[in-house]
Amino acid sequence: MKRIKQVLGGDLRQYTMVVALVLLIAVFNIISDGRMLTSSNFQNLLAGNAYVLVLALGMLMVIVIGQIDLSVGSVAGFAGMVMAIAARDLNLPWWVAVLIALAIGLAAGVWHGFFLSKLGIPGFITTLGGMMIFRGGVIWISKSISVPAPAELKWFGSGYLPEWGPAFTGMNNSTLLLGIIGIAAFIIAQVRKHKASKENNPIWAVVVRICIVSAIIGYFTWLYGSGRVGTSFPVPGLILLILIIIYHTITTRTKFGRNVYAVGGNKNAAALSGVNVERTYFLTMMNMSLLAAVAGILFVGRSTAAGPADGTSWEMDAIASVFIGGAAVSGGVGTILATMVGGLVMAVLNNGLMLMGVGADRTQVIKGFVLLAAVAFDVYSKKSGSGSVFSKLFRSEKK
Amino acid sequence: MENNPYILQMQSITKQFPGVKALDDVTLEVRRGTIHVICGENGAGKSTLMKVLSGVYPYGSYEGKILFMGSEMKFKNIKESESAGIGIIHQELTMIPELSVTENIFVGNEITRKGLVDWDEERRRTVEILKRVGLMIDPDTLIKHLGVGQQQLVEIAKALSKNVKLLILDEPTSALNEDDSANLLNLMRELKANDITCIMISHKLNEVAAIADAVTVIRDGHTVESYEVEAGSVDEDKIIRAMVGRSIENRYPEHVSNPGEVIFEVSDWWVEDPEVEGRMVCKGSSFNVRAGEIVGFAGLMGAGRTELMRSIFGHNYGIFRGGTLKIKGKEVKINSVESAIKHGIAYVPEDRKNLGLNLLDSIRQTIVSADLDRIIKRGLLSFEEEQIAAEKYRESVRIKAPSVDVGVNTLSGGNQQKVVLSKWMYTEPDVLILDEPTRGIDVGAKYEIYKLIHELADQGKAVVLVSSELPELLGMADRIYTIFEGSITGELAKEEASQEALMKRMTITSVS
């Protein structure tokens, strides 16, 4: 137990969902006769769920400040629709249309942020209104008809990284490069951390950790890079990856990120420590709607057209991801990385059940149970303070 | 029963809490048709005694005997004491703001006919009862539309509707302005004339002098004295002596202070209550603090000490109605907590868990939380800097914790307070305002906090120490201001200060 702890570095509870994710993938892979762990399936899984994960990034921060945003699906749909219509009717270049979509997201965020921070109307109400307004707006401006999107956008939604360089590698070289960068970055970070840390974590533990993570990255690099010719790590996946790095940095390494947690943990104490609570509320809501627009763009790109029903109930998937990732309903708790794991659990569940031929109806039921089980388990383990499944499994070894 | 002059006799009441004896052999005898006042410091046991009487602490959870109208009472809850004829008006009003006057008066006691609420009858009776307390308002008015004074009257009306014989008022005038207070006292006299006995808990000795027929003083859970008085000729000094009469033990570290220049000056500071329009919680307060000086603020609960300090700290409380602030001789305009911190002011709040800490944070996150700019390196927060800062304070302030990564929720009260102090020391303030810094902390930890305060003063900081404990102020402060009802009523140097002198200025506006 102690050794595992040293490798993973401290608190094991945060790995509960990672373990669940790994088990889920393994089980589905066995049941589906290996159709889960194939290049094309994982390419689809990532490209097809990137938009929800992008929403979950913003939703995590909204939930940490103790609010909720119900409007994200509608805002995403609205921004995507305006983008498609602007490109078609005004003959604007695709990139101008994209900027317009982002501007719409920003404006929607300012709208929600204003009602929450200046008028003190709870986010639930503010965004419930926003949800109706923007959903109505989509249907209104589209006259309930799908609008084709500029062809260039397809690259954002379902494009692949370019092919280049020598063929002897046996896989897509862009993906390979990405994998190498990933492994290198991880090693550098670990070495730095080890040097800075005063706790005497043995060097072997760091090495084992590096080996495990490198193997995982390596495996997925191979999985994504060795598919059909012309395929690779999907572009929406790359966009998501970049956003994850940005938001992980914002939440852990900036003053604004600290303020988000401070406001969510204890609003009054935060105010007495010099945190501008109103501004924190405002920026968090604004950011959420901006990310909703990004999600809308990715989705329109993938489906090559903006539809009037785009974005319906996306907010629920995003919220579920955040809570499966261990965020607290009362605010103040939750991380970007755990939220991504939560989102991936949902995505793998969707994907695996589909591979097994389970219908959308029963998939929905199962997802509902998983959400409840995950949160119930979290609440239970916090109450009893008994730690994770992990520590229970290894209890006999406990030192 | 008719020849028994006492409506209430509480005999040898003892109430234990884990680790503390809140009441120790307390006896209270109240004559029928009188106004009986109970005096005592904060935490002396007055409220506990009233909770025993009204059944909040049920029979069996205390020792002793309660005789009410001649027979022994064993209340299990408030409902039982109410039906026996004891009504209690709490310090914090307990009305439901969104309901009407009628609904509030009959809540839990609705008059029904055939299973439905009989509104006409309820309204008719409400008007009748309101007349008895001198309130001429529409019974359908919502409580939230009434002023605090009127709400208090409704609360009394509610008690009257239940046919009370004995009415307990716990600091009834603490939230009222002067007119409303006078009004309330008049009402109490009328109730007395109508054979309703009143027990009033009060800090305001001028009111006590005006209205009391008998006074009981409680201190540290004991009855100190109890005697009858004649309204108008009450010896206020005698009450004060009885309230404080305990010796100061040597619980404060030795310290020689050497104050420098005045570096913090507040003049003519006015703040309005955000809840009650027109009620000023700070009335033109002026004070100053020298570098290296510890200045105490004495005042009873609700006197406006915390409100004044939080208002100075970037208008964090109330509506600012004027006043100037000078730091190191220069006038500064401070409109937010952020700018207060930037100008070198730090405020350690009285309520550690609700205002001082984010209990989800670790020690290291807490210590840097009021000045994150200092750990920013190349645009990002630096965990190394954070670690260095946290370790530094863990050592110098002697925070007892296995590492700076543990959550502050796992620490004892004393260590939590040290973390909060570190958080504010980290902002390197010139002025440090400490609001009840030793509340809820055991004696040993208190001593360490006192030493820290001395160290801060020795570094040349201006320290403001707000405390409810007079011995603490006398032991720590170089100079003490007293506050009463939002006004600064006195300024005493350490040498001339005594508990009696302070208490006199904390309780009486009309100092002779």
# chains A, B, ... in the order shown; residues from 1 in each chain; ligands from 1

call {"tool": "closest_atom_pairs", "arguments": {"of": "chain A", "to": "chain B", "cutoff": "7 Å", "atoms": "only C-alpha atoms", "output": "Markdown table"}}
result
| residue | atom | partner | partner_atom | distance |
| --- | --- | --- | --- | --- |
| A:Arg253 | CA | B:Leu381 | CA | 4.8 |
| A:Thr254 | CA | B:Leu380 | CA | 5.4 |
| A:Lys255 | CA | B:Leu372 | CA | 6.4 |
| A:Ala262 | CA | B:Asn358 | CA | 6.7 |
| A:Gly265 | CA | B:Asn358 | CA | 5.6 |
| A:Asn266 | CA | B:Asn358 | CA | 5.3 |
| A:Asn268 | CA | B:Leu355 | CA | 5.5 |
| A:Ala269 | CA | B:Leu355 | CA | 4.2 |
| A:Leu272 | CA | B:Val337 | CA | 6.4 |
| A:Ser273 | CA | B:Ala370 | CA | 4.8 |
| A:Gly274 | CA | B:Glu338 | CA | 4.1 |
| A:Val275 | CA | B:Glu338 | CA | 6.8 |

call {"tool": "select_by_dssp", "arguments": {"residues": "stretch 36-248 of chain B", "states": "strand (DSSP E or B)", "output": "number ranges by chain"}}
result
B: 36-39, 63-68, 71-72, 86-89, 100, 112-113, 116-117, 142, 166-170, 197-201, 214-219, 222-228

call {"tool": "write_last_selection", "arguments": {"atoms": "C-alpha atoms", "output": "PDB file, in the first residue's frame"}}
result
ATOM      1  CA  HIS B  36     -37.138  41.939  37.465  1.00  0.00           C
ATOM      2  CA  VAL B  37     -33.867  42.733  35.717  1.00  0.00           C
ATOM      3  CA  ILE B  38     -30.995  40.290  35.303  1.00  0.00           C
ATOM      4  CA  CYS B  39     -27.549  41.771  34.711  1.00  0.00           C
ATOM      5  CA  GLU B  63     -30.292  20.120  38.467  1.00  0.00           C
ATOM      6  CA  GLY B  64     -32.546  22.171  40.692  1.00  0.00           C
ATOM      7  CA  LYS B  65     -36.175  23.011  41.010  1.00  0.00           C
ATOM      8  CA  ILE B  66     -38.498  25.442  39.242  1.00  0.00           C
ATOM      9  CA  LEU B  67     -41.608  26.635  41.029  1.00  0.00           C
ATOM     10  CA  PHE B  68     -44.026  28.615  38.914  1.00  0.00           C
ATOM     11  CA  SER B  71     -46.243  24.455  41.799  1.00  0.00           C
ATOM     12  CA  GLU B  72     -43.213  22.616  40.510  1.00  0.00           C
ATOM     13  CA  ILE B  86     -44.209  31.724  30.308  1.00  0.00           C
ATOM     14  CA  GLY B  87     -43.383  33.698  27.182  1.00  0.00           C
ATOM     15  CA  ILE B  88     -39.890  34.511  25.959  1.00  0.00           C
ATOM     16  CA  ILE B  89     -38.821  37.238  23.562  1.00  0.00           C
ATOM     17  CA  SER B 100     -48.386  38.653   7.728  1.00  0.00           C
ATOM     18  CA  THR B 112     -59.557  26.418  12.877  1.00  0.00           C
ATOM     19  CA  ARG B 113     -63.140  25.748  12.053  1.00  0.00           C
ATOM     20  CA  LEU B 116     -59.811  25.227   7.821  1.00  0.00           C
ATOM     21  CA  VAL B 117     -58.154  28.323   9.186  1.00  0.00           C
ATOM     22  CA  LEU B 142     -46.124  41.502   6.101  1.00  0.00           C
ATOM     23  CA  LEU B 166     -44.517  35.823  32.934  1.00  0.00           C
ATOM     24  CA  LEU B 167     -42.765  37.490  30.038  1.00  0.00           C
ATOM     25  CA  ILE B 168     -39.008  37.151  29.537  1.00  0.00           C
ATOM     26  CA  LEU B 169     -37.274  39.756  27.405  1.00  0.00           C
ATOM     27  CA  ASP B 170     -33.682  39.010  26.418  1.00  0.00           C
ATOM     28  CA  THR B 197     -44.640  39.918  35.412  1.00  0.00           C
ATOM     29  CA  CYS B 198     -41.563  40.691  33.330  1.00  0.00           C
ATOM     30  CA  ILE B 199     -38.010  39.422  33.500  1.00  0.00           C
ATOM     31  CA  MET B 200     -35.659  41.581  31.466  1.00  0.00           C
ATOM     32  CA  ILE B 201     -32.064  40.826  30.629  1.00  0.00           C
ATOM     33  CA  ALA B 214     -35.615  44.112  41.489  1.00  0.00           C
ATOM     34  CA  VAL B 215     -32.143  43.307  40.216  1.00  0.00           C
ATOM     35  CA  THR B 216     -30.242  40.043  40.107  1.00  0.00           C
ATOM     36  CA  VAL B 217     -26.603  40.012  39.069  1.00  0.00           C
ATOM     37  CA  ILE B 218     -25.086  36.841  37.653  1.00  0.00           C
ATOM     38  CA  ARG B 219     -21.389  36.331  37.176  1.00  0.00           C
ATOM     39  CA  HIS B 222     -23.301  32.210  40.068  1.00  0.00           C
ATOM     40  CA  THR B 223     -25.877  34.545  41.529  1.00  0.00           C
ATOM     41  CA  VAL B 224     -23.802  37.363  42.971  1.00  0.00           C
ATOM     42  CA  GLU B 225     -26.561  39.396  44.488  1.00  0.00           C
ATOM     43  CA  SER B 226     -30.261  39.889  44.250  1.00  0.00           C
ATOM     44  CA  TYR B 227     -32.201  42.713  45.802  1.00  0.00           C
ATOM     45  CA  GLU B 228     -35.210  44.923  45.398  1.00  0.00           C
TER      46      GLU B 228
END

call {"tool": "residues_around", "arguments": {"residues": "stretch 228-230 of chain A", "least_positions_apart": "6", "cutoff": "9 Å", "atoms": "only C-alpha atoms", "output": "list of chain:residue names"}}
result
A:Ser39, A:Ser40, A:Tyr160, A:Leu161, A:Pro162, A:Glu163, A:Met171, A:Asn172

call {"tool": "write_last_selection", "arguments": {"atoms": "N, CA and C atoms", "output": "compact mmCIF listing (two decimals), in the first residue's frame"}}
result
# COMPACT_ATOMS: atom_id res chain seq x y z
N SER A 39 -8.35 1.70 -33.18
CA SER A 39 -8.03 3.07 -33.55
C SER A 39 -9.27 3.85 -33.91
N SER A 40 -10.08 3.30 -34.78
CA SER A 40 -11.22 4.08 -35.27
C SER A 40 -12.21 4.35 -34.15
N TYR A 160 -8.24 15.48 -39.06
CA TYR A 160 -7.12 14.74 -38.48
C TYR A 160 -5.85 15.54 -38.67
N LEU A 161 -4.86 15.23 -37.85
CA LEU A 161 -3.58 15.92 -37.97
C LEU A 161 -2.90 15.49 -39.27
N PRO A 162 -2.10 16.38 -39.86
CA PRO A 162 -1.52 16.08 -41.17
C PRO A 162 -0.49 14.94 -41.11
N GLU A 163 -0.30 14.35 -42.27
CA GLU A 163 0.67 13.26 -42.44
C GLU A 163 1.96 13.88 -42.97
N MET A 171 3.38 4.88 -38.29
CA MET A 171 2.17 5.56 -37.84
C MET A 171 2.19 7.03 -38.25
N ASN A 172 1.11 7.70 -37.93
CA ASN A 172 0.99 9.12 -38.26
C ASN A 172 2.02 9.89 -37.45

call {"tool": "residues_around", "arguments": {"residues": "A:Ser32", "least_positions_apart": "6", "cutoff": "12 Å", "atoms": "only C-alpha atoms", "output": "PDB file with all heavy atoms, in the first residue's frame"}}
result
ATOM      1  N   LEU A  24     -13.729   0.064 -16.774  1.00  0.00           N
ATOM      2  CA  LEU A  24     -14.827   0.200 -17.737  1.00  0.00           C
ATOM      3  C   LEU A  24     -14.335  -0.121 -19.145  1.00  0.00           C
ATOM      4  O   LEU A  24     -14.947  -0.896 -19.892  1.00  0.00           O
ATOM      5  CB  LEU A  24     -15.341   1.641 -17.678  1.00  0.00           C
ATOM      6  CG  LEU A  24     -16.838   1.877 -17.821  1.00  0.00           C
ATOM      7  CD1 LEU A  24     -17.624   1.006 -16.873  1.00  0.00           C
ATOM      8  CD2 LEU A  24     -17.137   3.347 -17.552  1.00  0.00           C
ATOM      9  N   ILE A  25     -13.183   0.468 -19.507  1.00  0.00           N
ATOM     10  CA  ILE A  25     -12.626   0.229 -20.841  1.00  0.00           C
ATOM     11  C   ILE A  25     -12.302  -1.257 -21.011  1.00  0.00           C
ATOM     12  O   ILE A  25     -12.658  -1.884 -22.012  1.00  0.00           O
ATOM     13  CB  ILE A  25     -11.354   1.087 -21.067  1.00  0.00           C
ATOM     14  CG1 ILE A  25     -11.732   2.571 -21.107  1.00  0.00           C
ATOM     15  CG2 ILE A  25     -10.653   0.686 -22.361  1.00  0.00           C
ATOM     16  CD1 ILE A  25     -10.553   3.512 -21.191  1.00  0.00           C
ATOM     17  N   ALA A  26     -11.673  -1.822 -19.981  1.00  0.00           N
ATOM     18  CA  ALA A  26     -11.280  -3.233 -20.064  1.00  0.00           C
ATOM     19  C   ALA A  26     -12.498  -4.134 -20.220  1.00  0.00           C
ATOM     20  O   ALA A  26     -12.541  -5.009 -21.086  1.00  0.00           O
ATOM     21  CB  ALA A  26     -10.489  -3.609 -18.807  1.00  0.00           C
ATOM     22  N   THR A  38      -9.886  -0.052 -30.448  1.00  0.00           N
ATOM     23  CA  THR A  38      -9.396   0.017 -31.820  1.00  0.00           C
ATOM     24  C   THR A  38      -9.167   1.479 -32.165  1.00  0.00           C
ATOM     25  O   THR A  38      -9.736   2.365 -31.523  1.00  0.00           O
ATOM     26  CB  THR A  38     -10.412  -0.550 -32.826  1.00  0.00           C
ATOM     27  OG1 THR A  38     -11.598   0.254 -32.751  1.00  0.00           O
ATOM     28  CG2 THR A  38     -10.751  -1.989 -32.517  1.00  0.00           C
ATOM     29  N   ASN A  41     -12.397   3.365 -33.264  1.00  0.00           N
ATOM     30  CA  ASN A  41     -13.347   3.592 -32.174  1.00  0.00           C
ATOM     31  C   ASN A  41     -12.882   4.711 -31.258  1.00  0.00           C
ATOM     32  O   ASN A  41     -13.658   5.579 -30.864  1.00  0.00           O
ATOM     33  CB  ASN A  41     -13.565   2.313 -31.391  1.00  0.00           C
ATOM     34  CG  ASN A  41     -14.681   2.478 -30.363  1.00  0.00           C
ATOM     35  OD1 ASN A  41     -15.750   2.991 -30.704  1.00  0.00           O
ATOM     36  ND2 ASN A  41     -14.418   2.091 -29.130  1.00  0.00           N
ATOM     37  N   ASN A 351     -20.180   4.965 -25.454  1.00  0.00           N
ATOM     38  CA  ASN A 351     -19.549   4.267 -26.555  1.00  0.00           C
ATOM     39  C   ASN A 351     -19.642   2.750 -26.383  1.00  0.00           C
ATOM     40  O   ASN A 351     -20.042   2.016 -27.291  1.00  0.00           O
ATOM     41  CB  ASN A 351     -18.089   4.732 -26.620  1.00  0.00           C
ATOM     42  CG  ASN A 351     -17.322   4.057 -27.724  1.00  0.00           C
ATOM     43  OD1 ASN A 351     -16.733   3.012 -27.502  1.00  0.00           O
ATOM     44  ND2 ASN A 351     -17.348   4.631 -28.915  1.00  0.00           N
ATOM     45  N   GLY A 352     -19.313   2.277 -25.182  1.00  0.00           N
ATOM     46  CA  GLY A 352     -19.308   0.846 -24.923  1.00  0.00           C
ATOM     47  C   GLY A 352     -20.694   0.238 -25.062  1.00  0.00           C
ATOM     48  O   GLY A 352     -20.871  -0.833 -25.646  1.00  0.00           O
ATOM     49  N   LEU A 353     -21.671   0.941 -24.519  1.00  0.00           N
ATOM     50  CA  LEU A 353     -23.032   0.419 -24.594  1.00  0.00           C
ATOM     51  C   LEU A 353     -23.507   0.376 -26.048  1.00  0.00           C
ATOM     52  O   LEU A 353     -24.229  -0.530 -26.457  1.00  0.00           O
ATOM     53  CB  LEU A 353     -23.978   1.270 -23.742  1.00  0.00           C
ATOM     54  CG  LEU A 353     -23.729   1.160 -22.230  1.00  0.00           C
ATOM     55  CD1 LEU A 353     -24.527   2.203 -21.473  1.00  0.00           C
ATOM     56  CD2 LEU A 353     -24.089  -0.240 -21.735  1.00  0.00           C
ATOM     57  N   MET A 354     -23.052   1.373 -26.815  1.00  0.00           N
ATOM     58  CA  MET A 354     -23.417   1.395 -28.228  1.00  0.00           C
ATOM     59  C   MET A 354     -22.797   0.190 -28.939  1.00  0.00           C
ATOM     60  O   MET A 354     -23.466  -0.487 -29.730  1.00  0.00           O
ATOM     61  CB  MET A 354     -22.914   2.698 -28.858  1.00  0.00           C
ATOM     62  CG  MET A 354     -23.469   3.014 -30.213  1.00  0.00           C
ATOM     63  SD  MET A 354     -22.571   4.418 -30.886  1.00  0.00           S
ATOM     64  CE  MET A 354     -20.942   3.720 -31.093  1.00  0.00           C
ATOM     65  N   LEU A 355     -21.525  -0.078 -28.616  1.00  0.00           N
ATOM     66  CA  LEU A 355     -20.863  -1.230 -29.225  1.00  0.00           C
ATOM     67  C   LEU A 355     -21.595  -2.526 -28.887  1.00  0.00           C
ATOM     68  O   LEU A 355     -21.655  -3.453 -29.684  1.00  0.00           O
ATOM     69  CB  LEU A 355     -19.408  -1.337 -28.737  1.00  0.00           C
ATOM     70  CG  LEU A 355     -18.428  -0.278 -29.238  1.00  0.00           C
ATOM     71  CD1 LEU A 355     -17.064  -0.511 -28.623  1.00  0.00           C
ATOM     72  CD2 LEU A 355     -18.345  -0.301 -30.756  1.00  0.00           C
ATOM     73  N   MET A 356     -22.148  -2.586 -27.702  1.00  0.00           N
ATOM     74  CA  MET A 356     -22.867  -3.788 -27.290  1.00  0.00           C
ATOM     75  C   MET A 356     -24.269  -3.836 -27.878  1.00  0.00           C
ATOM     76  O   MET A 356     -25.014  -4.790 -27.663  1.00  0.00           O
ATOM     77  CB  MET A 356     -22.982  -3.828 -25.759  1.00  0.00           C
ATOM     78  CG  MET A 356     -21.686  -4.183 -25.057  1.00  0.00           C
ATOM     79  SD  MET A 356     -21.822  -3.868 -23.282  1.00  0.00           S
ATOM     80  CE  MET A 356     -23.156  -5.006 -22.863  1.00  0.00           C
ATOM     81  N   GLY A 357     -24.637  -2.780 -28.580  1.00  0.00           N
ATOM     82  CA  GLY A 357     -25.951  -2.757 -29.197  1.00  0.00           C
ATOM     83  C   GLY A 357     -27.067  -2.386 -28.243  1.00  0.00           C
ATOM     84  O   GLY A 357     -28.236  -2.660 -28.494  1.00  0.00           O
ATOM     85  N   VAL A 358     -26.687  -1.756 -27.117  1.00  0.00           N
ATOM     86  CA  VAL A 358     -27.719  -1.293 -26.196  1.00  0.00           C
ATOM     87  C   VAL A 358     -28.336  -0.008 -26.754  1.00  0.00           C
ATOM     88  O   VAL A 358     -27.619   0.876 -27.225  1.00  0.00           O
ATOM     89  CB  VAL A 358     -27.122  -1.029 -24.802  1.00  0.00           C
ATOM     90  CG1 VAL A 358     -28.173  -0.463 -23.868  1.00  0.00           C
ATOM     91  CG2 VAL A 358     -26.525  -2.301 -24.240  1.00  0.00           C
TER      92      VAL A 358
END

call {"tool": "residues_around", "arguments": {"residues": "A:Val18", "least_positions_apart": "5", "cutoff": "9 Å", "atoms": "only C-alpha atoms", "output": "VMD selection string"}}
result
chain A and resid 23 338 341 to 342 345

call {"tool": "write_last_selection", "arguments": {"atoms": "all heavy atoms", "output": "PDB file, in the first residue's frame"}}
result
ATOM      1  N   LEU A  23     -11.195   0.138 -15.643  1.00  0.00           N
ATOM      2  CA  LEU A  23     -11.999  -1.086 -15.562  1.00  0.00           C
ATOM      3  C   LEU A  23     -13.089  -1.087 -16.629  1.00  0.00           C
ATOM      4  O   LEU A  23     -13.332  -2.097 -17.297  1.00  0.00           O
ATOM      5  CB  LEU A  23     -12.641  -1.210 -14.173  1.00  0.00           C
ATOM      6  CG  LEU A  23     -11.688  -1.571 -13.030  1.00  0.00           C
ATOM      7  CD1 LEU A  23     -12.439  -1.634 -11.707  1.00  0.00           C
ATOM      8  CD2 LEU A  23     -11.004  -2.909 -13.311  1.00  0.00           C
ATOM      9  N   ALA A 338      -9.968  15.868 -12.827  1.00  0.00           N
ATOM     10  CA  ALA A 338     -10.969  14.899 -12.377  1.00  0.00           C
ATOM     11  C   ALA A 338     -12.251  15.022 -13.193  1.00  0.00           C
ATOM     12  O   ALA A 338     -12.911  14.034 -13.499  1.00  0.00           O
ATOM     13  CB  ALA A 338     -11.265  15.108 -10.897  1.00  0.00           C
ATOM     14  N   VAL A 341     -11.812  13.189 -16.347  1.00  0.00           N
ATOM     15  CA  VAL A 341     -11.987  11.748 -16.125  1.00  0.00           C
ATOM     16  C   VAL A 341     -13.477  11.421 -16.027  1.00  0.00           C
ATOM     17  O   VAL A 341     -13.964  10.467 -16.637  1.00  0.00           O
ATOM     18  CB  VAL A 341     -11.237  11.303 -14.849  1.00  0.00           C
ATOM     19  CG1 VAL A 341     -11.551   9.850 -14.532  1.00  0.00           C
ATOM     20  CG2 VAL A 341      -9.740  11.486 -15.023  1.00  0.00           C
ATOM     21  N   GLY A 342     -14.210  12.258 -15.289  1.00  0.00           N
ATOM     22  CA  GLY A 342     -15.656  12.064 -15.172  1.00  0.00           C
ATOM     23  C   GLY A 342     -16.324  12.088 -16.536  1.00  0.00           C
ATOM     24  O   GLY A 342     -17.179  11.253 -16.841  1.00  0.00           O
ATOM     25  N   VAL A 345     -15.564   8.921 -18.424  1.00  0.00           N
ATOM     26  CA  VAL A 345     -16.366   7.793 -17.935  1.00  0.00           C
ATOM     27  C   VAL A 345     -17.713   7.781 -18.659  1.00  0.00           C
ATOM     28  O   VAL A 345     -18.167   6.751 -19.162  1.00  0.00           O
ATOM     29  CB  VAL A 345     -16.562   7.873 -16.405  1.00  0.00           C
ATOM     30  CG1 VAL A 345     -17.651   6.910 -15.947  1.00  0.00           C
ATOM     31  CG2 VAL A 345     -15.257   7.563 -15.687  1.00  0.00           C
TER      32      VAL A 345
END

call {"tool": "atom_distance", "arguments": {"atom1": "atom CA of A:Lys267", "atom2": "atom CA of B:Ser468"}}
result
26.3 Å

call {"tool": "atom_distance", "arguments": {"atom1": "atom CA of A:Ser74", "atom2": "atom CA of A:Gly343"}}
result
19.5 Å

call {"tool": "residues_around", "arguments": {"residues": "stretch 286-298 of chain A", "least_positions_apart": "4", "cutoff": "6 Å", "atoms": "only C-alpha atoms", "output": "number ranges by chain"}}
result
A: 51, 55, 58, 72, 76-77, 79-80, 102, 105-106, 109-110, 113, 156-157

call {"tool": "write_last_selection", "arguments": {"atoms": "C-alpha atoms", "output": "mmCIF file, in the first residue's frame"}}
result
data_model
loop_
_atom_site.group_PDB
_atom_site.id
_atom_site.type_symbol
_atom_site.label_atom_id
_atom_site.label_comp_id
_atom_site.auth_asym_id
_atom_site.auth_seq_id
_atom_site.Cartn_x
_atom_site.Cartn_y
_atom_site.Cartn_z
ATOM 1 C CA TYR A 51 -17.655 19.242 -27.281
ATOM 2 C CA LEU A 55 -18.408 22.403 -21.803
ATOM 3 C CA GLY A 58 -16.338 25.739 -17.927
ATOM 4 C CA VAL A 72 -24.816 26.092 -22.193
ATOM 5 C CA ALA A 76 -23.819 26.458 -28.068
ATOM 6 C CA GLY A 77 -26.668 25.789 -30.470
ATOM 7 C CA ALA A 79 -23.728 30.415 -31.541
ATOM 8 C CA GLY A 80 -23.339 27.565 -34.050
ATOM 9 C CA LEU A 102 -17.265 33.362 -30.202
ATOM 10 C CA GLY A 105 -20.824 33.291 -26.655
ATOM 11 C CA LEU A 106 -19.040 36.144 -24.930
ATOM 12 C CA GLY A 109 -21.817 35.199 -20.849
ATOM 13 C CA VAL A 110 -21.849 38.915 -20.120
ATOM 14 C CA GLY A 113 -22.804 37.337 -15.508
ATOM 15 C CA PHE A 156 -12.388 21.585 -36.479
ATOM 16 C CA GLY A 157 -15.069 19.010 -35.916
#

call {"tool": "select_by_dssp", "arguments": {"residues": "stretch 210-407 of chain B", "states": "helix (DSSP H, G or I)", "output": "ChimeraX atom specification"}}
result
/B:210-211,236-244,305-312,337-342,352-356,363-367,372-375,383-396

call {"tool": "atom_distance", "arguments": {"atom1": "atom CA of B:Met188", "atom2": "atom CA of B:Asn206"}}
result
15.4 Å

call {"tool": "closest_residue", "arguments": {"among": "B:His145, B:Arg394, B:Arg124, B:Lys326", "to": "B:Asn288", "atoms": "only C-alpha atoms"}}
result
B:Lys326

call {"tool": "residues_around", "arguments": {"residues": "B:Glu29", "least_positions_apart": "3", "cutoff": "9 Å", "atoms": "only C-alpha atoms", "output": "PyMOL selection string"}}
result
chain B and resi 6-11+226

call {"tool": "closest_atom_pairs", "arguments": {"of": "stretch 291-379 of chain B", "to": "stretch 258-275 of chain B", "cutoff": "6 Å", "atoms": "only C-alpha atoms", "output": "Markdown table"}}
result
| residue | atom | partner | partner_atom | distance |
| --- | --- | --- | --- | --- |
| B:Ala291 | CA | B:Gly260 | CA | 5.0 |
| B:Gly292 | CA | B:Pro259 | CA | 4.8 |
| B:Glu293 | CA | B:Pro259 | CA | 5.0 |
| B:Gly318 | CA | B:Pro274 | CA | 4.9 |
| B:Ile319 | CA | B:Glu272 | CA | 5.0 |
| B:Phe320 | CA | B:Val271 | CA | 4.8 |
| B:Arg321 | CA | B:Trp270 | CA | 4.9 |
| B:Gly322 | CA | B:Trp270 | CA | 5.3 |
| B:Gly323 | CA | B:Trp269 | CA | 4.0 |
| B:Thr324 | CA | B:Ser267 | CA | 5.3 |
| B:Leu325 | CA | B:Val266 | CA | 4.8 |
| B:Lys326 | CA | B:Glu265 | CA | 4.9 |
| B:Ile327 | CA | B:Phe264 | CA | 4.8 |
| B:Lys328 | CA | B:Ile263 | CA | 4.1 |
